Each structure stands twice: as structure tokens, then as C-alpha cells.
$ cat input07.cif   # mmCIF, C-alpha atoms
data_entry
loop_
_atom_site.label_atom_id
_atom_site.label_comp_id
_atom_site.auth_asym_id
_atom_site.auth_seq_id
_atom_site.Cartn_x
_atom_site.Cartn_y
_atom_site.Cartn_z
CA MET Q 66 105.89 29.28 -4.96
CA LEU Q 67 106.02 32.93 -5.59
CA THR Q 68 108.25 34.31 -8.21
CA ALA Q 69 109.15 37.86 -8.96
CA PRO Q 70 106.97 38.26 -12.04
CA LEU Q 71 103.93 37.21 -10.09
CA LEU Q 72 104.62 39.87 -7.57
CA VAL Q 73 104.89 42.78 -9.84
CA TRP Q 74 101.77 44.57 -9.10
CA THR Q 75 99.71 46.71 -11.25
CA LEU Q 76 99.02 49.61 -9.03
CA ALA Q 77 96.17 51.98 -9.21
CA THR Q 78 97.32 54.02 -12.10
CA GLY Q 79 98.13 51.19 -14.39
CA GLY Q 80 95.82 48.28 -14.01
CA CYS Q 81 92.30 49.51 -14.10
CA THR Q 82 91.70 48.93 -17.73
CA LYS Q 83 91.62 45.15 -17.74
CA PRO Q 84 87.99 44.26 -17.37
CA THR Q 85 88.55 40.64 -16.40
CA GLY Q 86 91.50 41.00 -14.06
CA TRP Q 87 91.39 40.70 -10.30
CA THR Q 88 90.15 43.58 -8.26
CA CYS Q 89 92.33 43.79 -5.20
CA THR Q 90 91.91 45.69 -2.02
CA ILE Q 91 95.38 45.09 -0.69
CA GLY Q 92 98.30 44.32 -2.89
CA ALA Q 93 101.90 43.37 -2.71
CA TYR Q 94 104.71 43.93 -5.08
CA ALA Q 95 108.35 43.13 -5.00
CA ALA Q 96 110.25 46.28 -4.31
CA HIS Q 97 113.37 44.44 -5.31
CA ALA Q 98 111.79 42.11 -7.76
CA GLY Q 99 115.05 40.83 -9.08
CA SER Q 100 116.05 39.42 -5.73
CA ALA Q 101 112.77 38.05 -4.56
CA GLY Q 102 113.35 34.57 -5.87
CA ARG Q 103 117.09 34.46 -5.47
CA PRO Q 104 118.57 31.83 -3.19
CA HIS Q 105 119.83 32.99 0.14
CA ALA Q 106 123.49 32.72 0.81
CA HIS Q 107 123.21 30.64 3.93
CA PRO Q 108 124.01 26.98 3.36
CA ASP Q 109 122.02 24.18 4.84
CA GLY Q 110 123.60 21.36 6.76
CA HIS Q 111 124.88 19.67 3.64
CA GLY Q 112 126.63 22.62 2.22
CA ARG Q 113 124.02 23.31 -0.41
CA GLN Q 114 122.38 26.57 -1.01
CA ALA Q 115 118.98 26.58 0.59
CA PRO Q 116 116.19 27.89 -1.60
CA ALA Q 117 115.20 31.38 -0.86
CA THR Q 118 112.23 32.19 1.26
CA PRO Q 119 110.71 35.17 -0.44
CA ARG Q 120 110.52 38.16 1.79
CA LEU Q 121 108.15 40.48 0.19
CA PRO Q 122 107.46 44.02 1.11
CA ILE Q 123 103.74 44.42 1.38
CA LYS Q 124 102.29 47.62 0.11
CA PRO Q 125 98.81 48.79 0.70
CA MET Q 126 96.99 49.81 -2.39
CA CYS Q 127 96.20 53.46 -2.55
CA GLN Q 128 92.85 52.50 -3.97
CA VAL Q 129 91.01 49.48 -5.12
CA THR Q 130 92.84 48.19 -8.10
CA GLY Q 131 91.26 46.43 -11.00
CA GLY Q 132 92.91 44.35 -13.63
CA ALA Q 133 95.80 43.06 -11.56
CA ASP Q 134 97.25 39.65 -12.26
CA HIS Q 135 97.29 38.53 -8.66
CA CYS Q 136 96.18 39.73 -5.27
CA PHE Q 137 97.62 39.15 -1.87
CA THR Q 138 95.80 39.90 1.31
CA LEU Q 139 96.78 39.31 4.87
CA PRO Q 140 94.15 38.57 7.43
CA ASP Q 141 93.07 41.49 9.49
CA GLU Q 142 93.18 41.49 13.21
CA PRO Q 143 89.72 40.12 13.86
CA ALA Q 144 87.25 42.06 15.88
CA ARG Q 145 86.31 40.84 19.30
CA THR Q 146 83.67 38.15 19.14
CA PRO Q 147 80.24 39.41 20.22
CA THR Q 148 78.94 37.80 23.39
CA ALA Q 149 75.88 36.60 21.50
CA ASP Q 150 78.14 34.42 19.39
CA VAL Q 151 79.92 33.05 22.45
CA VAL Q 152 76.49 32.15 23.79
CA ALA Q 153 75.77 30.31 20.53
CA MET Q 154 79.07 28.47 20.91
CA ALA Q 155 78.17 27.36 24.41
CA TRP Q 156 74.81 26.22 23.12
CA ALA Q 157 76.46 24.19 20.37
CA SER Q 158 78.18 22.05 22.98
CA PHE Q 159 75.19 21.90 25.27
CA SER Q 160 73.61 18.51 25.78
CA LEU Q 161 70.38 17.56 27.51
CA PRO Q 162 70.20 14.03 28.85
CA THR Q 163 67.50 11.80 27.47
CA PRO Q 164 65.12 10.98 30.30
CA VAL Q 165 64.47 7.35 31.12
CA PRO Q 166 60.79 6.92 32.00
CA HIS Q 167 59.85 4.48 34.73
CA THR Q 168 56.43 3.15 35.68
CA ASN Q 169 55.09 1.04 38.48
CA PRO Q 170 53.76 -1.43 37.70
CA SER Q 171 56.39 -1.71 34.99
CA GLY Q 172 55.93 -3.50 31.74
CA ARG Q 173 52.31 -4.29 32.51
CA SER Q 174 49.67 -2.27 34.27
CA TRP Q 175 45.92 -2.37 34.72
CA VAL Q 176 42.99 -0.22 33.80
CA SER Q 177 42.00 2.18 36.60
CA LEU Q 178 45.01 1.28 38.70
CA PRO Q 179 47.14 4.31 39.64
CA THR Q 180 50.34 3.81 37.67
CA TYR Q 181 53.28 5.67 39.15
CA LEU Q 182 55.36 7.67 36.71
CA TRP Q 183 58.84 9.02 37.27
CA VAL Q 184 62.12 9.75 35.53
CA ASP Q 185 65.51 8.90 36.92
CA PRO Q 186 65.98 11.32 39.84
CA SER Q 187 69.76 11.27 39.40
CA ALA Q 188 69.34 13.04 36.04
CA TRP Q 189 67.11 15.71 37.56
CA LYS Q 190 69.80 18.31 37.95
CA PRO Q 191 71.10 21.34 36.07
CA GLN Q 192 73.10 20.72 32.93
CA ARG Q 193 75.94 23.05 32.05
CA ALA Q 194 78.18 23.99 29.15
CA GLN Q 195 80.80 26.67 28.80
CA ALA Q 196 82.60 28.55 26.04
CA SER Q 197 85.44 31.03 26.38
CA VAL Q 198 86.47 33.39 23.60
CA ASP Q 199 88.24 36.73 23.61
CA GLY Q 200 88.31 37.14 27.37
CA GLN Q 201 84.69 36.31 27.94
CA THR Q 202 83.34 33.10 29.38
CA VAL Q 203 79.74 32.12 28.88
CA THR Q 204 78.22 29.51 31.14
CA MET Q 205 74.97 28.00 29.98
CA THR Q 206 72.74 26.26 32.48
CA GLY Q 207 69.68 24.16 31.80
CA ALA Q 208 67.49 23.52 34.83
CA PRO Q 209 64.77 20.85 34.62
CA GLN Q 210 61.37 22.41 35.23
CA ARG Q 211 58.64 19.85 34.58
CA VAL Q 212 57.85 16.56 32.89
CA GLU Q 213 55.09 16.09 30.39
CA TRP Q 214 53.89 12.49 30.16
CA SER Q 215 52.17 11.42 26.99
CA LEU Q 216 50.15 8.23 27.36
CA ASP Q 217 46.85 6.84 26.34
CA ASP Q 218 46.11 9.85 24.10
CA THR Q 219 46.50 12.04 27.15
CA THR Q 220 49.18 14.38 28.40
CA ILE Q 221 49.72 15.04 32.06
CA THR Q 222 52.25 17.42 33.57
CA CYS Q 223 54.28 16.71 36.68
CA GLU Q 224 56.24 19.53 38.28
CA GLY Q 225 59.12 17.30 39.36
CA PRO Q 226 60.72 14.00 38.39
CA GLY Q 227 57.99 11.99 40.09
CA THR Q 228 58.24 9.60 43.00
CA PRO Q 229 59.62 6.10 42.56
CA TYR Q 230 57.28 3.51 43.99
CA PHE Q 231 58.19 1.36 46.92
CA ARG Q 232 55.98 -0.51 49.32
CA GLY Q 233 54.93 1.76 52.18
CA GLY Q 234 56.42 4.80 50.48
CA PRO Q 235 54.74 8.15 50.03
CA PRO Q 236 51.97 8.47 47.50
CA SER Q 237 52.96 9.89 44.18
CA GLY Q 238 51.67 13.14 42.82
CA CYS Q 239 52.59 11.87 39.38
CA ALA Q 240 50.43 8.90 38.52
CA TYR Q 241 47.94 7.98 35.86
CA ARG Q 242 44.95 5.66 35.66
CA PHE Q 243 44.69 4.05 32.23
CA ARG Q 244 41.18 4.03 30.87
CA ARG Q 245 41.46 1.22 28.40
CA SER Q 246 43.49 -1.87 27.81
CA GLY Q 247 46.06 -2.33 25.09
CA SER Q 248 49.66 -1.48 24.31
CA ALA Q 249 50.59 2.02 25.34
CA SER Q 250 53.56 4.17 24.50
CA VAL Q 251 54.71 6.19 27.48
CA THR Q 252 56.79 9.23 26.67
CA ALA Q 253 58.38 11.49 29.23
CA THR Q 254 59.45 14.91 28.04
CA VAL Q 255 61.55 16.92 30.44
CA PHE Q 256 61.54 20.66 29.82
CA TYR Q 257 64.66 22.57 30.70
CA SER Q 258 64.78 26.28 31.28
CA VAL Q 259 68.08 27.39 29.79
CA THR Q 260 69.83 30.54 30.94
CA TRP Q 261 73.28 31.92 30.36
CA SER Q 262 75.68 34.17 32.21
CA CYS Q 263 78.86 35.81 31.03
CA THR Q 264 81.97 36.84 32.92
CA GLY Q 265 84.84 38.92 31.61
CA ALA Q 266 84.71 41.38 28.74
CA CYS Q 267 81.09 40.75 27.87
CA ASP Q 268 78.52 42.76 25.94
CA ALA Q 269 75.87 41.53 28.34
CA ARG Q 270 75.90 39.66 31.62
CA GLY Q 271 73.26 37.06 31.05
CA GLY Q 272 69.74 36.19 30.14
CA SER Q 273 67.29 33.51 29.21
CA TYR Q 274 67.94 31.31 26.20
CA GLY Q 275 64.62 29.54 26.15
CA THR Q 276 62.93 26.31 27.19
CA PHE Q 277 64.00 23.10 25.54
CA PRO Q 278 62.63 19.54 25.70
CA ALA Q 279 64.33 16.18 26.03
CA SER Q 280 62.23 13.04 25.54
CA GLY Q 281 62.45 9.35 26.25
CA SER Q 282 59.89 6.58 25.77
CA THR Q 283 58.97 3.14 26.97
CA ARG Q 284 56.07 0.79 26.28
CA LEU Q 285 53.50 -0.57 28.64
CA THR Q 286 50.87 -3.23 28.24
CA VAL Q 287 47.62 -2.31 29.94
CA ARG Q 288 45.22 -5.07 30.85
CA GLU Q 289 41.79 -5.08 32.31
CA ILE Q 290 40.55 -7.00 35.35
CA GLN Q 291 36.96 -8.15 35.02
CA THR Q 292 35.19 -8.44 38.34
CA LEU Q 293 32.01 -10.35 38.94
CA THR Q 294 29.73 -8.75 41.49
CA GLY Q 295 26.27 -9.38 42.83
CA GLY Q 296 24.57 -12.31 44.45
CA MET C 214 101.86 25.76 1.85
CA ARG C 215 100.85 22.20 2.32
CA GLY C 216 97.52 20.76 3.21
CA SER C 217 96.65 20.50 6.83
CA ALA C 218 95.74 17.44 8.76
CA ARG C 219 92.06 16.65 8.85
CA GLY C 220 91.59 17.47 12.50
CA PRO C 221 92.25 21.17 12.57
CA ALA C 222 90.91 21.57 9.10
CA THR C 223 87.68 19.96 10.05
CA ALA C 224 87.28 22.09 13.06
CA ALA C 225 88.05 25.19 11.12
CA ALA C 226 85.02 25.49 8.98
CA LEU C 227 82.93 24.55 11.84
CA ALA C 228 83.89 21.40 10.85
CA LEU C 229 83.11 22.87 7.83
CA CYS C 230 84.30 19.56 6.97
CA LEU C 231 87.49 20.51 5.34
CA SER C 232 89.41 17.63 3.96
CA ALA C 233 93.10 17.34 3.44
CA THR C 234 92.45 17.22 -0.25
CA ALA C 235 90.66 20.50 -0.21
CA CYS C 236 93.50 22.10 1.64
CA THR C 237 96.08 20.88 -0.79
CA ASP C 238 94.16 21.86 -3.82
CA SER C 239 93.39 25.27 -2.56
CA ALA C 240 96.99 26.02 -1.97
CA THR C 241 97.43 26.38 -5.65
CA THR C 242 94.50 28.66 -6.15
CA VAL C 243 94.67 30.87 -3.12
CA SER C 244 98.33 30.70 -2.44
CA PRO C 245 99.39 33.36 -0.02
CA GLY C 246 102.91 32.40 -0.92
CA SER C 247 105.45 32.81 1.76
CA LEU C 248 104.87 36.35 2.66
CA ASP C 249 106.71 37.41 5.73
CA PRO C 250 104.52 40.10 7.17
CA SER C 251 106.56 40.38 10.29
CA GLY C 252 109.86 40.74 8.57
CA ALA C 253 109.35 43.72 6.38
CA ALA C 254 108.90 47.19 7.69
CA GLU C 255 106.45 47.95 4.95
CA SER C 256 104.16 45.22 6.14
CA GLN C 257 103.22 47.28 9.11
CA HIS C 258 101.18 49.45 6.85
CA VAL C 259 99.13 46.68 5.41
CA THR C 260 96.18 47.10 7.65
CA THR C 261 95.86 50.71 6.71
CA ALA C 262 94.82 49.90 3.20
CA ALA C 263 91.33 50.98 2.47
CA PRO C 264 89.26 50.16 -0.55
CA VAL C 265 88.05 53.38 -2.01
CA ALA C 266 86.86 54.67 -5.32
CA ALA C 267 85.93 51.27 -6.66
CA PRO C 268 83.54 51.11 -9.54
CA PRO C 269 80.01 50.60 -8.24
CA THR C 270 79.75 47.19 -9.83
CA ALA C 271 82.95 46.01 -8.18
CA ALA C 272 81.83 47.35 -4.81
CA ALA C 273 78.53 45.60 -5.18
CA ALA C 274 80.27 42.38 -6.09
CA ARG C 275 82.51 42.59 -3.04
CA THR C 276 79.56 43.10 -0.76
CA ASP C 277 77.69 40.29 -2.41
CA VAL C 278 80.63 37.90 -2.08
CA LEU C 279 80.96 38.54 1.63
CA ILE C 280 77.24 38.19 2.21
CA ARG C 281 77.18 34.92 0.35
CA TYR C 282 80.26 33.65 2.17
CA ARG C 283 78.64 34.32 5.54
CA ARG C 284 75.48 32.69 4.29
CA PHE C 285 77.53 29.63 3.36
CA HIS C 286 78.62 29.19 6.97
CA GLN C 287 75.08 29.59 8.24
CA VAL C 288 73.81 26.95 5.84
CA ILE C 289 76.58 24.50 6.68
CA GLU C 290 76.04 25.05 10.39
CA ARG C 291 72.37 24.22 10.01
CA ALA C 292 72.93 21.31 7.64
CA LEU C 293 75.36 19.65 10.02
CA ALA C 294 73.02 20.12 12.96
CA THR C 295 69.92 18.84 11.21
CA GLY C 296 71.27 16.40 8.67
CA ASP C 297 69.40 18.30 5.97
CA ALA C 298 71.82 18.99 3.14
CA SER C 299 69.22 20.29 0.70
CA GLN C 300 70.39 23.91 0.88
CA ILE C 301 74.05 23.19 0.27
CA PRO C 302 73.77 23.53 -3.54
CA ASP C 303 72.55 27.08 -2.92
CA VAL C 304 75.83 28.10 -1.30
CA ALA C 305 78.47 25.69 -2.58
CA THR C 306 79.21 24.13 -5.90
CA GLY C 307 81.37 21.53 -7.53
CA ALA C 308 83.47 19.13 -5.54
CA GLU C 309 83.10 21.15 -2.36
CA ALA C 310 79.31 20.85 -2.44
CA THR C 311 79.53 17.15 -3.15
CA ARG C 312 81.97 16.56 -0.34
CA LEU C 313 79.82 18.44 2.17
CA GLN C 314 76.72 16.55 1.11
CA ASP C 315 78.60 13.27 1.36
CA GLU C 316 79.79 14.08 4.86
CA ILE C 317 76.31 14.93 6.03
CA ALA C 318 74.93 11.77 4.44
CA ALA C 319 77.61 9.78 6.26
CA ASP C 320 76.63 11.43 9.53
CA THR C 321 73.02 10.51 8.90
CA ARG C 322 73.90 6.90 8.21
CA ALA C 323 75.91 6.81 11.43
CA GLY C 324 73.06 8.32 13.42
CA LEU C 325 75.04 11.45 14.20
CA VAL C 326 74.61 15.18 13.98
CA ARG C 327 77.26 17.81 14.50
CA ARG C 328 76.77 21.14 16.11
CA GLY C 329 78.99 24.14 16.24
CA HIS C 330 79.07 27.84 15.73
CA ALA C 331 81.37 29.79 13.47
CA VAL C 332 81.92 33.52 13.45
CA PRO C 333 83.58 34.51 10.19
CA HIS C 334 85.84 37.53 9.98
CA PRO C 335 86.30 37.43 6.23
CA HIS C 336 88.46 39.70 4.18
CA LEU C 337 87.92 39.75 0.49
CA ALA C 338 91.32 39.20 -1.03
CA ALA C 339 90.43 39.33 -4.66
CA VAL C 340 87.46 39.38 -6.93
CA ARG C 341 86.77 39.36 -10.62
CA PRO C 342 83.54 38.84 -12.46
CA ASP C 343 83.36 35.11 -12.04
CA GLU C 344 85.52 34.22 -9.08
CA ALA C 345 86.61 35.58 -5.73
CA GLN C 346 89.01 34.70 -2.97
CA ILE C 347 88.58 35.25 0.73
CA ILE C 348 90.90 35.09 3.67
CA ASP C 349 89.08 34.52 6.90
CA CYS C 350 90.27 34.57 10.47
CA MET C 351 87.28 32.78 11.84
CA VAL C 352 86.35 31.93 15.39
CA ALA C 353 84.71 28.54 15.59
CA ALA C 354 83.44 26.29 18.32
CA GLY C 355 83.01 22.65 17.56
CA PRO C 356 82.09 20.61 15.80
CA TYR C 357 80.52 18.74 18.65
CA THR C 358 79.16 15.37 17.67
CA PHE C 359 75.90 14.09 19.11
CA ARG C 360 73.99 10.88 18.72
CA ARG C 361 70.77 11.70 16.97
CA ASP C 362 68.66 9.25 18.97
CA THR C 363 69.84 10.09 22.47
CA GLY C 364 71.22 13.58 22.07
CA LYS C 365 74.28 12.45 23.93
CA ARG C 366 77.53 14.08 22.96
CA VAL C 367 80.25 11.76 21.76
CA GLY C 368 83.90 12.34 21.06
CA ASP C 369 86.02 15.33 21.83
CA ALA C 370 84.79 18.74 22.85
CA PRO C 371 87.30 21.11 21.31
CA ALA C 372 87.46 24.57 22.81
CA PRO C 373 86.59 27.51 20.58
CA ARG C 374 89.55 28.98 18.74
CA ARG C 375 90.53 31.00 15.71
CA TYR C 376 91.33 29.45 12.38
CA LEU C 377 92.87 30.88 9.27
CA LEU C 378 90.74 29.85 6.38
CA TYR C 379 91.01 30.37 2.65
CA ALA C 380 87.93 30.23 0.52
CA ALA C 381 87.39 30.49 -3.18
CA LEU C 382 84.00 31.33 -4.62
CA SER C 383 82.70 31.27 -8.14
CA HIS C 384 79.76 33.05 -9.62
CA ALA C 385 77.54 30.17 -10.65
CA ASP C 386 73.85 30.04 -11.45
CA GLY C 387 73.48 33.72 -10.69
CA ALA C 388 75.00 33.58 -7.23
CA TRP C 389 78.36 33.39 -5.53
CA LYS C 390 79.08 29.89 -4.27
CA VAL C 391 81.98 28.40 -2.41
CA THR C 392 84.14 26.16 -4.54
CA THR C 393 87.04 25.40 -2.22
CA LEU C 394 87.94 25.78 1.42
CA ALA C 395 91.33 25.27 2.92
CA THR C 396 93.33 25.91 6.02
CA PRO C 397 97.08 26.20 6.03
CA GLU C 398 99.07 23.67 7.96
CA ASP C 399 99.53 26.23 10.68
CA SER C 400 95.94 27.37 10.97
CA ARG C 401 96.56 30.11 13.50
CA CYS C 402 95.80 33.65 12.53
#

$ encode --input "input07.cif" --output "C-alpha cells"
Amino acid sequence: MLTAPLLVWTLATGGCTKPTGWTCTIGAYAAHAGSAGRPHAHPDGHGRQAPATPRLPIKPMCQVTGGADHCFTLPDEPARTPTADVVAMAWASFSLPTPVPHTNPSGRSWVSLPTYLWVDPSAWKPQRAQASVDGQTVTMTGAPQRVEWSLDDTTITCEGPGTPYFRGGPPSGCAYRFRRSGSASVTATVFYSVTWSCTGACDARGGSYGTFPASGSTRLTVREIQTLTGG
Amino acid sequence: MRGSARGPATAAALALCLSATACTDSATTVSPGSLDPSGAAESQHVTTAAPVAAPPTAAAARTDVLIRYRRFHQVIERALATGDASQIPDVATGAEATRLQDEIAADTRAGLVRRGHAVPHPHLAAVRPDEAQIIDCMVAAGPYTFRRDTGKRVGDAPAPRRYLLYAALSHADGAWKVTTLATPEDSRC
């Protein structure tokens, strides 16, 4: 705890000659050094003298002071946080869901057969995160734009989540015909366009943050059907 | 000043991963004592103090310390988010560097990453040739913990807030590096 000797400050005129001492920008000294560590007179609940809580006058240095024994600095009132940093804070909490790729047939498909591809439609929706600091609230929104499917050494792009297969259902615009048999890794990468908007005391009102991917994979065994033709 | 609980301390340095131990230890090296800034009339003048007429070398050191302190936060932010602790020895040293590296290694083993963003508002409290002390009223969001494999966020999502943070730096290997970080028990500023 602080004691009076520690608080006796070497002010500008006296302390600049010590080459290895602290250089302080704000200092404190005990104006009444003799009383700084003295117990207060108020008793605690058991009738004992409570130890003093030092109450120290704080004096600004008239100039940067070198060679002091100790320095004390109080935190400044911080400046308002720039909106760009609030955007970064919102981004830090932002999460993109991992897509779950589906195929039909699932688990096993066939060469040249249109294999439907889709990601869970329930996850095809904007994702949001928010951060509020210093009277400004940034809302970050990630909207799914497209899915890139990597399979069979090929990448195809679908503009939406794809269409789940069901008998008699509409044809899918997101399907792939495997060209060779074997074990295939199927990776769906959903690209989100991320934007932000700010309300309150903002430096700027909004903008684009970029496009970000989220990927999920599954495996598929592709087999080949040999057909005998001719007479 | 006593060490803070791990929760607020961790959040403070962008989860700059402050431990209770760090807080306690730092109290002895960066002790702000029990100053009562609100109780003394003179304290109202504190913010008017302006560093002037410093020797060029001291001014350069102060600038360098603050630059390196901000750099420290950038490196930690990135290391937590990527699990790559290789740059930590560039900005921290001693037990603090070891502790940060250990925490990131533990995250990696657990399949986690942590994301956050810290905005330091540092004030250089003291500096001498080989060590410096900083008081920082930082705004920090996070840390938010994510599973590395799914990207899914786990755990709490603390709202951004301000933290009072004490940092000590030493001049090691030709550069200023953080040696201790601490938050007071009451981390408001």
C-alpha cells in the first residue's frame, strides 16, 4: 500500500538528473505527506481504528519528469470508439453455419445419373450479429448468395440452396452427372455476402464487409452400370 | 488491489487471457495504490497534464512503447483467432508469453478458436530505459469461442464493454514486450 515516502514526488525542477529513474507524464505527491498514511479516526464495528485509506491529492506535472521514484497515472476518459472498430467487434461474434450437403441418391450414386445436390434449406437465410458501443449499434448481416459444389475434380455453382429430391417433384437446377466410378468427396461451400449498418452516433452508416465462405462435406460412392446392347 | 476473477480478466485483454495470477502479481508492480481521484479537488486537474519538453530519446521511447503495446493486442487477437502462437514471442516475454502460448495450445487441443476485438486507449504511466507501465481503458468485445471444425459459436457472448487494464513492458531483445497484464478487481474505468 502507498506510504508517504513513496508519494513524495520529484517534480520537474528536481528529478531530471537521474538517468535511470522513471519518466512520468502525470505525477502525484502527498501535499500533506505526514498524514497520508495515518489511520483515520473513525472506528470500525469492533472499536478498533480502521487503517487509513490514503487520499492523495493528484498533481499534474508541469512537464515530463525524469528520474522520479514512482509514477502514478489515472486513466484518461477514453475517446469514442470508431465505428470501424464496432464493426470489427460485430464481426468477431459473427458465425456462419456449416452447410450440410445432401445428395440424391445419397450414399451411393451412379455414373451418368443426374445426382441432385442441395444444402439444408432451413439454413438458407441471413445470419446476423450485433455490437453496441458508445451509443452506436452495428448490425452485421450475412446473406447466402450461392453454393459451390466440389466433386469429381469439378466445381459447379448453384445460385440457390438446390432442390431436395422427391418422387414427382420439380427437376433440380443443381445436379451433377458423375463421369467415373469411385469414392467421391462432395463439398458444398456457401458464400455469404456480408454487409453492415450502423445506427446511433456512427462515423458511417453502413457498407459491404466482403464475401465469406462456409463449407461442409460428405462422401459418396459412385458406381457404374454396365449395359449389354446389341443382338 | 487484489487480483480479479478470471472471467472479467479474461475478457479484458480480449481475453487477452488474463489469469488471476497475473492480476495479483501485477498489483505489486503497477500498483495504482488507493488514489481517490474523486475525493480531492486537485484531482480535477489531472487530465490537463501534458507531456512537454521531454528529451527526444524519452519521447521516442514513449511512442515506441505505445506502438508496441497496440501491436501486442493485434498479435494476440490474431493468435487467438487462428491458433497460431508463433508471433507471441515478438510482443510478449517471460511468464506472460508462456501463459498466452499455453492458452492457445489448450484451445487448439480442444478444437477451439477465440475471436474478439480490442480497442486500446493506452496511457503511458511511466517509462525508463528498460521498463514501462501502461494504464489502459480498453474497449473489448469477446472473446467469443468457436468450434474450429464447425465454426459454431459456443459459450457465452459477452457484450462489448470497457476494461481497466494495467500492463508492464520490458525492453527485451531490442524491442518493448509485454511482461504482465492485470485488471483490478473492479475493472471498470

$ closest_residue --input "input07.cif" --among "Q:Ser250, Q:Thr228, Q:Thr294, Q:Thr206" --to "Gly275 (chain Q)" --atoms "all atoms listed in the file"
Q:Thr206

$ resolve_selection --input "input07.cif" --expression "the PyMOL selection byres ((chain C and resi 361) around 8)" --output "number ranges by chain"
C: 324-326, 359-360, 362-365

$ closest_residue --input "input07.cif" --among "Q:Val198, Q:Val165, Q:Val255, Q:Val176" --to "chain C" --atoms "only C-alpha atoms"
Q:Val198

$ residues_around --input "input07.cif" --residues "region 291-298 of chain C" --least-positions-apart "4" --cutoff "8 Å" --atoms "only C-alpha atoms" --output "PyMOL selection string"
chain C and resi 287+314+317-318+320-321+326-329

$ atom_distance --input "input07.cif" --atom1 "CA of His330 (chain C)" --atom2 "CA of Gln300 (chain C)"
17.6 Å

$ closest_residue --input "input07.cif" --among "C:Val288, C:Val352, C:Ala319, C:Ala338" --to "Val304 (chain C)" --atoms "all atoms listed in the file"
C:Val288

$ atom_distance --input "input07.cif" --atom1 "CA of Cys239 (chain Q)" --atom2 "CA of Thr276 (chain Q)"
21.5 Å

$ resolve_selection --input "input07.cif" --expression "the PyMOL selection byres ((chain Q and resi 212) around 8)" --output "NGL selection string"
:Q and (210-211 or 213-214 or 222-226 or 253-256)

$ residues_near_point --input "input07.cif" --point "(74.4, 32.4, 2.1)" --cutoff "12 Å" --atoms "all atoms listed in the file" --output "short mmCIF file (atom, residue, chain, number, x, y, z; two decimals) with C-alpha atoms, in the frame of the given file"
data_model
loop_
_atom_site.label_atom_id
_atom_site.label_comp_id
_atom_site.auth_asym_id
_atom_site.auth_seq_id
_atom_site.Cartn_x
_atom_site.Cartn_y
_atom_site.Cartn_z
CA ASP C 277 77.69 40.29 -2.41
CA VAL C 278 80.63 37.90 -2.08
CA LEU C 279 80.96 38.54 1.63
CA ILE C 280 77.24 38.19 2.21
CA ARG C 281 77.18 34.92 0.35
CA TYR C 282 80.26 33.65 2.17
CA ARG C 283 78.64 34.32 5.54
CA ARG C 284 75.48 32.69 4.29
CA PHE C 285 77.53 29.63 3.36
CA HIS C 286 78.62 29.19 6.97
CA GLN C 287 75.08 29.59 8.24
CA VAL C 288 73.81 26.95 5.84
CA ILE C 289 76.58 24.50 6.68
CA GLU C 290 76.04 25.05 10.39
CA ARG C 291 72.37 24.22 10.01
CA GLN C 300 70.39 23.91 0.88
CA ILE C 301 74.05 23.19 0.27
CA PRO C 302 73.77 23.53 -3.54
CA ASP C 303 72.55 27.08 -2.92
CA VAL C 304 75.83 28.10 -1.30
CA ALA C 305 78.47 25.69 -2.58
CA LEU C 382 84.00 31.33 -4.62
CA ALA C 388 75.00 33.58 -7.23
CA TRP C 389 78.36 33.39 -5.53
CA LYS C 390 79.08 29.89 -4.27
CA VAL C 391 81.98 28.40 -2.41
#

$ residues_around --input "input07.cif" --residues "Ser262 (chain Q)" --least-positions-apart "4" --cutoff "7 Å" --atoms "only C-alpha atoms" --output "ChimeraX atom specification"
/Q:203-205,270-272

$ resolve_selection --input "input07.cif" --expression "the PyMOL selection byres ((chain Q and resi 188) around 10)" --output "PyMOL selection string"
chain Q and resi 161-165+184-187+189-192+209+226
